[in-house]
Every structure is written in structure tokens, then in C-alpha cells.
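Next up, model_9.pdb (PDB, C-alpha atoms, pLDDT in the B column):
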```pdb
ATOM      1  CA  MET A   9      -4.641  17.538 -11.527  1.00 64.00           C
ATOM      2  CA  LEU A  10      -7.509  18.510 -13.854  1.00 74.00           C
ATOM      3  CA  LEU A  11      -5.450  21.429 -15.147  1.00 77.00           C
ATOM      4  CA  ALA A  12      -2.582  19.068 -15.990  1.00 70.00           C
ATOM      5  CA  TYR A  13      -4.950  16.754 -17.901  1.00 70.00           C
ATOM      6  CA  PHE A  14      -6.357  19.737 -19.795  1.00 77.00           C
ATOM      7  CA  GLN A  15      -2.877  20.983 -20.718  1.00 73.00           C
ATOM      8  CA  LEU A  16      -1.836  17.529 -21.941  1.00 69.00           C
ATOM      9  CA  ALA A  17      -5.015  17.257 -24.024  1.00 74.00           C
ATOM     10  CA  ILE A  18      -4.339  20.654 -25.611  1.00 80.00           C
ATOM     11  CA  SER A  19      -0.746  19.664 -26.386  1.00 73.00           C
ATOM     12  CA  MET A  20      -1.916  16.480 -28.149  1.00 69.00           C
ATOM     13  CA  ALA A  21      -4.413  18.565 -30.138  1.00 72.00           C
ATOM     14  CA  PHE A  22      -1.528  20.736 -31.323  1.00 73.00           C
ATOM     15  CA  VAL A  23       0.356  17.574 -32.349  1.00 68.00           C
ATOM     16  CA  GLY A  24      -2.633  16.557 -34.468  1.00 67.00           C
ATOM     17  CA  ILE A  25      -2.775  19.992 -36.117  1.00 72.00           C
ATOM     18  CA  ASN A  26       0.969  19.801 -36.750  1.00 69.00           C
ATOM     19  CA  ILE A  27       0.511  16.544 -38.695  1.00 68.00           C
ATOM     20  CA  SER A  28      -2.031  18.001 -41.124  1.00 69.00           C
ATOM     21  CA  ILE A  29      -0.023  21.188 -41.680  1.00 74.00           C
ATOM     22  CA  GLY A  30       3.269  19.306 -41.957  1.00 72.00           C
ATOM     23  CA  LYS A  31       1.866  16.933 -44.600  1.00 70.00           C
ATOM     24  CA  GLU A  32       0.918  19.919 -46.766  1.00 74.00           C
ATOM     25  CA  ILE A  33       4.178  21.847 -46.283  1.00 76.00           C
ATOM     26  CA  VAL A  34       6.567  18.951 -47.006  1.00 74.00           C
ATOM     27  CA  SER A  35       4.902  18.511 -50.391  1.00 73.00           C
ATOM     28  CA  HIS A  36       6.499  21.866 -51.313  1.00 78.00           C
ATOM     29  CA  ILE A  37       9.536  22.236 -49.011  1.00 82.00           C
ATOM     30  CA  PRO A  38      12.165  19.557 -48.119  1.00 84.00           C
ATOM     31  CA  VAL A  39      11.852  18.029 -44.657  1.00 84.00           C
ATOM     32  CA  PHE A  40      15.161  19.210 -43.167  1.00 90.00           C
ATOM     33  CA  LEU A  41      14.847  22.714 -44.580  1.00 89.00           C
ATOM     34  CA  PHE A  42      11.297  23.058 -43.296  1.00 87.00           C
ATOM     35  CA  SER A  43      12.324  21.847 -39.833  1.00 88.00           C
ATOM     36  CA  GLU A  44      15.266  24.269 -39.682  1.00 92.00           C
ATOM     37  CA  LEU A  45      13.067  27.242 -40.613  1.00 90.00           C
ATOM     38  CA  ARG A  46      10.568  26.153 -37.977  1.00 88.00           C
ATOM     39  CA  PHE A  47      13.200  26.109 -35.220  1.00 92.00           C
ATOM     40  CA  LEU A  48      14.616  29.445 -36.379  1.00 94.00           C
ATOM     41  CA  ILE A  49      11.181  31.078 -36.052  1.00 93.00           C
ATOM     42  CA  ALA A  50      10.686  29.427 -32.647  1.00 91.00           C
ATOM     43  CA  LEU A  51      14.027  30.734 -31.346  1.00 93.00           C
ATOM     44  CA  LEU A  52      13.295  34.257 -32.568  1.00 94.00           C
ATOM     45  CA  ILE A  53      10.163  34.153 -30.401  1.00 92.00           C
ATOM     46  CA  LEU A  54      11.464  32.201 -27.399  1.00 92.00           C
ATOM     47  CA  LEU A  55      14.763  33.967 -26.717  1.00 91.00           C
ATOM     48  CA  PRO A  56      13.215  37.430 -26.212  1.00 91.00           C
ATOM     49  CA  LEU A  57      10.483  35.835 -24.088  1.00 89.00           C
ATOM     50  CA  LEU A  58      13.105  34.206 -21.860  1.00 89.00           C
ATOM     51  CA  SER A  59      14.796  37.560 -21.356  1.00 86.00           C
ATOM     52  CA  MET A  60      11.515  39.356 -20.594  1.00 89.00           C
ATOM     53  CA  ARG A  61      10.482  36.679 -18.082  1.00 87.00           C
ATOM     54  CA  GLY A  62      13.862  36.807 -16.344  1.00 87.00           C
ATOM     55  CA  GLU A  63      14.486  33.097 -17.008  1.00 85.00           C
ATOM     56  CA  TRP A  64      17.630  33.406 -19.102  1.00 83.00           C
ATOM     57  CA  LYS A  65      19.982  30.543 -18.221  1.00 79.00           C
ATOM     58  CA  SER A  66      23.552  30.653 -19.523  1.00 73.00           C
ATOM     59  CA  SER A  67      25.054  27.681 -17.663  1.00 77.00           C
ATOM     60  CA  TRP A  68      23.818  24.108 -17.482  1.00 84.00           C
ATOM     61  CA  SER A  69      24.939  21.121 -15.414  1.00 86.00           C
ATOM     62  CA  LYS A  70      26.308  18.061 -17.171  1.00 88.00           C
ATOM     63  CA  GLU A  71      23.164  16.079 -16.327  1.00 87.00           C
ATOM     64  CA  GLU A  72      20.868  18.807 -17.645  1.00 89.00           C
ATOM     65  CA  GLY A  73      22.870  19.113 -20.855  1.00 90.00           C
ATOM     66  CA  ALA A  74      22.880  15.353 -21.472  1.00 91.00           C
ATOM     67  CA  VAL A  75      19.154  14.960 -20.838  1.00 91.00           C
ATOM     68  CA  LEU A  76      18.320  17.972 -23.009  1.00 93.00           C
ATOM     69  CA  PHE A  77      20.459  16.611 -25.857  1.00 95.00           C
ATOM     70  CA  TRP A  78      18.785  13.189 -25.865  1.00 93.00           C
ATOM     71  CA  GLN A  79      15.407  14.822 -25.419  1.00 92.00           C
ATOM     72  CA  SER A  80      16.099  16.925 -28.514  1.00 93.00           C
ATOM     73  CA  PHE A  81      17.579  14.018 -30.473  1.00 95.00           C
ATOM     74  CA  PHE A  82      14.684  11.629 -29.907  1.00 93.00           C
ATOM     75  CA  GLY A  83      11.748  13.964 -29.335  1.00 89.00           C
ATOM     76  CA  VAL A  84      12.546  16.553 -31.985  1.00 89.00           C
ATOM     77  CA  PHE A  85      15.214  15.390 -34.465  1.00 92.00           C
ATOM     78  CA  LEU A  86      14.096  11.776 -34.966  1.00 93.00           C
ATOM     79  CA  PHE A  87      10.450  12.658 -34.343  1.00 90.00           C
ATOM     80  CA  SER A  88      10.444  15.317 -37.061  1.00 87.00           C
ATOM     81  CA  ILE A  89      12.237  13.115 -39.589  1.00 89.00           C
ATOM     82  CA  CYS A  90      10.024  10.073 -38.999  1.00 91.00           C
ATOM     83  CA  MET A  91       6.801  12.076 -38.788  1.00 87.00           C
ATOM     84  CA  LEU A  92       7.342  14.341 -41.795  1.00 83.00           C
ATOM     85  CA  TYR A  93       8.596  11.537 -44.045  1.00 85.00           C
ATOM     86  CA  GLY A  94       5.894   9.225 -42.675  1.00 87.00           C
ATOM     87  CA  VAL A  95       2.998  11.534 -43.528  1.00 82.00           C
ATOM     88  CA  LYS A  96       4.277  11.722 -47.104  1.00 80.00           C
ATOM     89  CA  TRP A  97       3.518   8.025 -47.534  1.00 82.00           C
ATOM     90  CA  THR A  98       0.395   7.619 -45.454  1.00 81.00           C
ATOM     91  CA  THR A  99      -2.775   9.584 -44.870  1.00 77.00           C
ATOM     92  CA  ALA A 100      -3.070  12.343 -42.283  1.00 71.00           C
ATOM     93  CA  THR A 101      -5.982  10.427 -40.757  1.00 73.00           C
ATOM     94  CA  SER A 102      -3.904   7.266 -40.252  1.00 78.00           C
ATOM     95  CA  ALA A 103      -1.020   9.323 -38.877  1.00 78.00           C
ATOM     96  CA  GLY A 104      -3.365  11.076 -36.458  1.00 74.00           C
ATOM     97  CA  ILE A 105      -4.770   7.782 -35.186  1.00 78.00           C
ATOM     98  CA  ILE A 106      -1.299   6.284 -34.743  1.00 82.00           C
ATOM     99  CA  THR A 107      -0.065   9.326 -32.834  1.00 79.00           C
ATOM    100  CA  SER A 108      -2.990   8.917 -30.454  1.00 75.00           C
ATOM    101  CA  THR A 109      -1.067   5.914 -29.070  1.00 80.00           C
ATOM    102  CA  VAL A 110       1.511   8.255 -27.498  1.00 80.00           C
ATOM    103  CA  PRO A 111      -0.032   7.971 -23.977  1.00 77.00           C
ATOM    104  CA  ALA A 112       0.098   4.164 -24.153  1.00 80.00           C
ATOM    105  CA  CYS A 113       3.743   4.244 -25.268  1.00 83.00           C
ATOM    106  CA  ILE A 114       4.581   6.682 -22.477  1.00 82.00           C
ATOM    107  CA  ALA A 115       2.987   4.339 -19.929  1.00 82.00           C
ATOM    108  CA  LEU A 116       4.979   1.381 -21.254  1.00 83.00           C
ATOM    109  CA  LEU A 117       8.291   3.251 -21.361  1.00 83.00           C
ATOM    110  CA  SER A 118       7.641   4.697 -17.896  1.00 83.00           C
ATOM    111  CA  PHE A 119       7.262   1.127 -16.635  1.00 82.00           C
ATOM    112  CA  TRP A 120      10.545   0.029 -18.243  1.00 81.00           C
ATOM    113  CA  ILE A 121      12.680   3.128 -17.661  1.00 80.00           C
ATOM    114  CA  LEU A 122      11.207   4.962 -14.669  1.00 77.00           C
ATOM    115  CA  LYS A 123       9.950   1.797 -12.932  1.00 76.00           C
ATOM    116  CA  GLU A 124       6.461   3.248 -12.541  1.00 76.00           C
ATOM    117  CA  LYS A 125       3.538   0.918 -11.878  1.00 77.00           C
ATOM    118  CA  LEU A 126       1.526  -0.193 -14.890  1.00 72.00           C
ATOM    119  CA  LEU A 127      -2.162   0.051 -14.023  1.00 72.00           C
ATOM    120  CA  ARG A 128      -4.922  -2.050 -15.551  1.00 74.00           C
ATOM    121  CA  ASN A 129      -6.267   0.876 -17.589  1.00 75.00           C
ATOM    122  CA  SER A 130      -2.807   1.453 -19.035  1.00 69.00           C
ATOM    123  CA  LEU A 131      -2.541  -2.203 -20.050  1.00 74.00           C
ATOM    124  CA  TRP A 132      -5.891  -2.032 -21.861  1.00 76.00           C
ATOM    125  CA  ALA A 133      -4.775   1.180 -23.599  1.00 72.00           C
ATOM    126  CA  ILE A 134      -1.597  -0.526 -24.826  1.00 71.00           C
ATOM    127  CA  VAL A 135      -3.519  -3.551 -26.161  1.00 76.00           C
ATOM    128  CA  LEU A 136      -6.095  -1.401 -27.947  1.00 75.00           C
ATOM    129  CA  SER A 137      -3.352   0.812 -29.404  1.00 70.00           C
ATOM    130  CA  VAL A 138      -1.551  -2.196 -30.888  1.00 69.00           C
ATOM    131  CA  CYS A 139      -4.820  -3.500 -32.352  1.00 76.00           C
ATOM    132  CA  GLY A 140      -5.616  -0.092 -33.830  1.00 71.00           C
ATOM    133  CA  ILE A 141      -2.212   0.250 -35.490  1.00 66.00           C
ATOM    134  CA  GLY A 142      -2.508  -3.267 -36.918  1.00 67.00           C
ATOM    135  CA  LEU A 143      -5.958  -2.521 -38.342  1.00 70.00           C
ATOM    136  CA  ILE A 144      -4.753   0.662 -40.037  1.00 64.00           C
ATOM    137  CA  THR A 145      -1.527  -0.830 -41.391  1.00 58.00           C
ATOM    138  CA  PHE A 146      -2.966  -3.980 -42.933  1.00 60.00           C
ATOM    139  CA  SER A 147      -6.077  -2.497 -44.532  1.00 60.00           C
ATOM    140  CA  GLY A 148      -4.497  -1.167 -47.752  1.00 52.00           C
ATOM    141  CA  GLU A 149      -6.625  -1.185 -50.893  1.00 49.00           C
ATOM    142  CA  SER A 150      -3.881  -2.577 -53.104  1.00 46.00           C
ATOM    143  CA  GLN A 151      -0.604  -4.358 -52.542  1.00 47.00           C
ATOM    144  CA  ALA A 152       1.514  -1.467 -53.865  1.00 49.00           C
ATOM    145  CA  LEU A 153      -0.424   1.108 -51.865  1.00 52.00           C
ATOM    146  CA  SER A 154      -0.306  -1.105 -48.801  1.00 67.00           C
ATOM    147  CA  ARG A 155       3.489  -1.346 -48.917  1.00 74.00           C
ATOM    148  CA  ILE A 156       3.896   2.419 -49.185  1.00 79.00           C
ATOM    149  CA  SER A 157       1.319   2.991 -46.463  1.00 79.00           C
ATOM    150  CA  MET A 158       2.954   0.404 -44.205  1.00 81.00           C
ATOM    151  CA  LEU A 159       6.284   2.211 -44.512  1.00 86.00           C
ATOM    152  CA  GLY A 160       4.612   5.529 -43.760  1.00 86.00           C
ATOM    153  CA  ASN A 161       2.743   4.068 -40.787  1.00 85.00           C
ATOM    154  CA  LEU A 162       5.961   2.498 -39.472  1.00 88.00           C
ATOM    155  CA  LEU A 163       7.765   5.837 -39.610  1.00 92.00           C
ATOM    156  CA  VAL A 164       4.872   7.548 -37.830  1.00 89.00           C
ATOM    157  CA  PHE A 165       4.956   4.883 -35.117  1.00 89.00           C
ATOM    158  CA  LEU A 166       8.714   5.401 -34.701  1.00 92.00           C
ATOM    159  CA  ALA A 167       7.880   9.086 -34.277  1.00 91.00           C
ATOM    160  CA  VAL A 168       5.412   8.087 -31.549  1.00 90.00           C
ATOM    161  CA  ILE A 169       8.146   6.199 -29.694  1.00 91.00           C
ATOM    162  CA  SER A 170      10.444   9.203 -30.052  1.00 92.00           C
ATOM    163  CA  GLU A 171       7.728  11.461 -28.653  1.00 88.00           C
ATOM    164  CA  ALA A 172       7.245   9.086 -25.716  1.00 90.00           C
ATOM    165  CA  LEU A 173      10.993   9.177 -24.987  1.00 91.00           C
ATOM    166  CA  PHE A 174      10.806  12.974 -25.159  1.00 91.00           C
ATOM    167  CA  THR A 175       8.235  12.896 -22.359  1.00 87.00           C
ATOM    168  CA  ILE A 176      10.307  10.481 -20.266  1.00 88.00           C
ATOM    169  CA  PHE A 177      13.351  12.760 -20.484  1.00 88.00           C
ATOM    170  CA  ALA A 178      11.187  15.809 -19.741  1.00 86.00           C
ATOM    171  CA  LYS A 179      10.017  14.196 -16.501  1.00 84.00           C
ATOM    172  CA  ARG A 180      13.650  13.853 -15.397  1.00 84.00           C
ATOM    173  CA  LEU A 181      14.127  17.618 -15.714  1.00 86.00           C
ATOM    174  CA  SER A 182      10.772  18.547 -14.227  1.00 80.00           C
ATOM    175  CA  GLY A 183      11.273  20.954 -11.333  1.00 78.00           C
ATOM    176  CA  LYS A 184      14.931  21.574 -12.221  1.00 84.00           C
ATOM    177  CA  ILE A 185      14.399  24.000 -15.098  1.00 88.00           C
ATOM    178  CA  THR A 186      11.350  25.952 -16.225  1.00 88.00           C
ATOM    179  CA  PRO A 187       9.200  24.938 -19.218  1.00 86.00           C
ATOM    180  CA  PHE A 188      10.365  28.034 -21.134  1.00 88.00           C
ATOM    181  CA  GLN A 189      14.009  27.213 -20.485  1.00 90.00           C
ATOM    182  CA  MET A 190      13.493  23.622 -21.578  1.00 91.00           C
ATOM    183  CA  THR A 191      11.644  24.634 -24.734  1.00 90.00           C
ATOM    184  CA  ALA A 192      14.270  27.204 -25.731  1.00 91.00           C
ATOM    185  CA  ALA A 193      17.160  24.791 -25.094  1.00 92.00           C
ATOM    186  CA  ILE A 194      15.491  21.996 -27.067  1.00 93.00           C
ATOM    187  CA  ASN A 195      14.807  24.275 -30.019  1.00 93.00           C
ATOM    188  CA  GLY A 196      18.392  25.547 -29.918  1.00 94.00           C
ATOM    189  CA  ILE A 197      19.882  22.034 -29.891  1.00 94.00           C
ATOM    190  CA  SER A 198      17.494  20.892 -32.624  1.00 94.00           C
ATOM    191  CA  PHE A 199      18.437  23.926 -34.723  1.00 95.00           C
ATOM    192  CA  VAL A 200      22.078  22.817 -34.595  1.00 95.00           C
ATOM    193  CA  LEU A 201      21.222  19.161 -35.335  1.00 94.00           C
ATOM    194  CA  PHE A 202      19.227  20.048 -38.443  1.00 94.00           C
ATOM    195  CA  LEU A 203      21.566  22.786 -39.689  1.00 94.00           C
ATOM    196  CA  PRO A 204      24.010  20.720 -41.873  1.00 93.00           C
ATOM    197  CA  PHE A 205      21.171  18.859 -43.609  1.00 93.00           C
ATOM    198  CA  ALA A 206      19.143  22.056 -44.041  1.00 93.00           C
ATOM    199  CA  ILE A 207      22.092  23.849 -45.670  1.00 93.00           C
ATOM    200  CA  ALA A 208      22.527  20.974 -48.144  1.00 91.00           C
ATOM    201  CA  GLU A 209      18.830  21.013 -49.043  1.00 88.00           C
ATOM    202  CA  GLY A 210      18.689  24.808 -49.162  1.00 86.00           C
ATOM    203  CA  MET A 211      21.529  25.015 -51.688  1.00 87.00           C
ATOM    204  CA  SER A 212      19.675  22.783 -54.147  1.00 84.00           C
ATOM    205  CA  PHE A 213      16.137  23.944 -53.372  1.00 80.00           C
ATOM    206  CA  SER A 214      14.244  26.069 -55.875  1.00 76.00           C
ATOM    207  CA  TRP A 215      12.931  28.868 -53.668  1.00 68.00           C
ATOM    208  CA  GLY A 216      10.896  30.245 -56.550  1.00 68.00           C
ATOM    209  CA  SER A 217       8.808  27.067 -56.608  1.00 63.00           C
ATOM    210  CA  VAL A 218       7.228  28.064 -53.277  1.00 59.00           C
ATOM    211  CA  MET A 219       6.024  31.370 -54.715  1.00 56.00           C
ATOM    212  CA  ARG A 220       4.731  29.630 -57.833  1.00 56.00           C
ATOM    213  CA  SER A 221       2.795  27.193 -55.649  1.00 53.00           C
ATOM    214  CA  ARG A 222       1.265  30.077 -53.692  1.00 52.00           C
ATOM    215  CA  VAL A 223       0.230  31.829 -56.909  1.00 45.00           C
ATOM    216  CA  TYR A 224      -1.307  28.611 -58.224  1.00 45.00           C
ATOM    217  CA  LEU A 225      -3.238  28.011 -55.003  1.00 44.00           C
ATOM    218  CA  HIS A 226      -4.569  31.573 -54.901  1.00 48.00           C
ATOM    219  CA  ARG A 227      -5.617  31.366 -58.548  1.00 50.00           C
ATOM    220  CA  HIS A 228      -7.256  27.984 -57.981  1.00 46.00           C
ATOM    221  CA  GLU A 229      -9.207  29.325 -54.981  1.00 44.00           C
ATOM    222  CA  TYR A 230     -10.279  32.386 -56.977  1.00 43.00           C
ATOM    223  CA  GLU A 231     -11.564  30.225 -59.856  1.00 48.00           C
ATOM    224  CA  ARG A 232     -13.586  28.119 -57.417  1.00 47.00           C
TER     225      ARG A 232
END
```

Represent the structure contained in this file as C-alpha cells.
Amino acid sequence: MLLAYFQLAISMAFVGINISIGKEIVSHIPVFLFSELRFLIALLILLPLLSMRGEWKSSWSKEEGAVLFWQSFFGVFLFSICMLYGVKWTTATSAGIITSTVPACIALLSFWILKEKLLRNSLWAIVLSVCGIGLITFSGESQALSRISMLGNLLVFLAVISEALFTIFAKRLSGKITPFQMTAAINGISFVLFLPFAIAEGMSFSWGSVMRSRVYLHRHEYER
């Protein structure tokens, strides 16, 4: 049990790191194109690992396929869109605090969907999460900034709900397929979902601007 808690804590830490990195990258690369490149890199790593571990799975049941699709749609496709666009219009700190409400959202959705019992501690976590989001959202310094920040915070919260649904679907497949198989399948489905939008952005994207940004950053660091 302690190992499971530790693994979940580490995974949430990676989510927090992803927010800060994602906020920086999407200021230079379009959201869909960045996401597609991310899944391509992940697949290049995961597919050989699956083969080496002897976990390659070429056939899936209808239930597994349906759950994996919705898991990818909510937990990866919608999550990435809402999160990456959200952090463009709010601060990384606010986004990090809002994403910390994921456990509370999982508890609430587990109660509604999986019919799990809602314990007193979970209820307090949900109440405090709602209060925290309200405090962040309505504390803008100016009306214009507040409206932009509210939109960003709303998108981040929608990403939180998507992440919670991702966990709910993952629990349905727990014990049926391995974590590596699930991860590879989700990345593969997400790669296909993002592909049309990534192609459209890639055709109009100035690839040279990324190199110019790198040169500028290196020069700026050298001058400091």
C-alpha cells in the first residue's frame, strides 16, 4: 500500500513538472504540433521496450479497445489541449495548485461512476479544493487580467477532470493489461487523434523560429 502511495505521489510530481515545461514550450511551438512530437518520441521508446519485455499485444477485445479510446480521448487528447492552452493564459503556479485537486476529483467521480464509498476525508478534500480554486480564480489584479486568468484556470480545471476520468478508465483495465501495454496503446491512439491537427500546424509553422529562439536564449545566458 505504501509503495502505491509513493508511486502516485511521484506521478503527480511529474505532472507538476510537465506543466512548467509545457508552458515554456508552447510559447515557441503550437500545442497540437508539440503534443504530436511528444507522442512520437514516446512511441519510439515504448514499442521497443514492449518487445524486449515480451509484452507485445497485437489483438484487443472490444471492451479493452473502447476503454483505451475514451481513456486516451479524455486523459490525453482533451487533457493536453485544455492544459497547454490553459497555462498560456494563467500562471504555472496557479495551474499547479489547480491540478493538485486531481485526487479530490477522482474521489468524486469514483463515487458517481464506480459507486465507491465517499469517506469523510475525501469530502473535506473536495470542499477545500473548491475553495482553493475559487480563491485563485477570483484574485486577479485587474479586470482584464482576471478574465484571461479565469479562462486559463477554467481550462486547467477541465484538464483536471479529464485526468480524473483517465484514472477511472485505467482502474477498469487494471489487472487485464500491463501498465506498459496500456501506456503504449494510449500513446498510439493519442498520436492518431492529434495527427490531423499537427499536420495542419506543421505546414504553417516556421521551424526556423525554434532555432532562432535557442540561439537567443544561449546568447542571453552567456551575456548574463

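Comparing the minimum interatomic distances between Leu173 in chain A and each of A:Ser43, A:Ser35, A:Ser80, A:Ser67, counting all atoms listed in the file, we find that A:Ser80 sits nearest.
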
Could you expand the PyMOL selection byres ((chain A and resi 104-108) around 12) into the explicit residues it covers here, written as number ranges by chain? A: 17, 19-31, 87, 90-91, 94-95, 98-103, 109-114, 133-134, 136-145, 158, 160-172

Can you tell me which residues surround Phe42 in chain A at a distance of at most 9 Å, considering all atoms listed in the file, apart from same-chain residues fewer than 6 positions away, and format the answer as a PyMOL selection string? chain A and resi 30+33-34+206

Interatomic distance between CA of Leu92 in chain A and CA of Leu117 in chain A?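 Computing it gives 23.3 Å between the two atoms.
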
Find, counting all atoms listed in the file, the residue in A:Ile197, A:Leu55, A:Leu86, A:Leu116 that gets nearest to Asn129 in chain A.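 When distances to Asn129 in chain A are compared using all atoms listed in the file, the smallest one comes from A:Leu116.
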
Counting only C-alpha atoms, which of A:Gly183, A:Pro204, A:Arg128, A:Phe199 gets nearest to Leu52 in chain A?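 Comparing A:Gly183, A:Pro204, A:Arg128, A:Phe199 against Leu52 in chain A, the winner is A:Phe199.
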
From the options A:Ser157, A:Asn195, A:Gln15, A:Gln79, which residue's atoms come nearest to Leu181 in chain A, counting all atoms listed in the file?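 Result for the nearest residue to Leu181 in chain A: A:Gln79.
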
With only C-alpha atoms as the atoms that count, which of A:Lys123, A:Arg46, A:Arg180, A:His36 lies nearest to Ser88 in chain A?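 Among the listed residues, A:Arg46 lies closest to Ser88 in chain A.
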
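Distance-wise, CA of Leu203 in chain A and CA of Leu51 in chain A end up 13.8 Å apart.
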